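S.K.: A single structure is presented below for examination.
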Amino acid sequence: MEVRWSSCYRMLDSIRKVYPELRAVLERKGQTKRLDEIPLEFLTEIVNFLDPLKLETERVQAKNCVTASLPLVSYHTLRQAHSE
């Protein structure tokens, strides 16, 4: 099944935002094994890596204006964000 990367990003970001609460629920049920395999630091690192891509994708997907010139600017912005 093919899934858009932005859907995966939203899922990871939502898990990151509720991680402490999710851990507490899983601890009460004795089911933290799966969550232990994905530390919050790792999850945060992935979300932070994908965040500039998400922002640029949203910028070039405008519905009410022409965005044909934006991919080159977005490419440059993303290269800068990940070279730091």
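Convention: chains lettered A, B, ... in structure tokens order; per-chain residue numbering from 1; ligands numbered from 1 as shown.
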Compile the contact shell of region 31-45 of chain A as a ChimeraX atom specification: residues with an atom at most 12 Å away, counting only C-alpha atoms, same-chain residues fewer than 4 positions apart removed.

M.R.: /A:8-27,49-51

S.K.: One number please: CA of Arg59 (chain A) to CA of His76 (chain A), in Å, one decimal.

M.R.: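 Separating CA of Arg59 (chain A) from CA of His76 (chain A) is a distance of 13.7 Å.
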
S.K.: So what do you get for CA of Ser7 (chain A) versus CA of Gly30 (chain A), distance-wise?

M.R.: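 Atom-to-atom, CA of Ser7 (chain A) and CA of Gly30 (chain A) are spaced 28.4 Å apart.
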
S.K.: What separation in Å, quoted to one decimal, exists between CA of Ser6 (chain A) and CA of Thr57 (chain A)?

M.R.: 9.0 Å
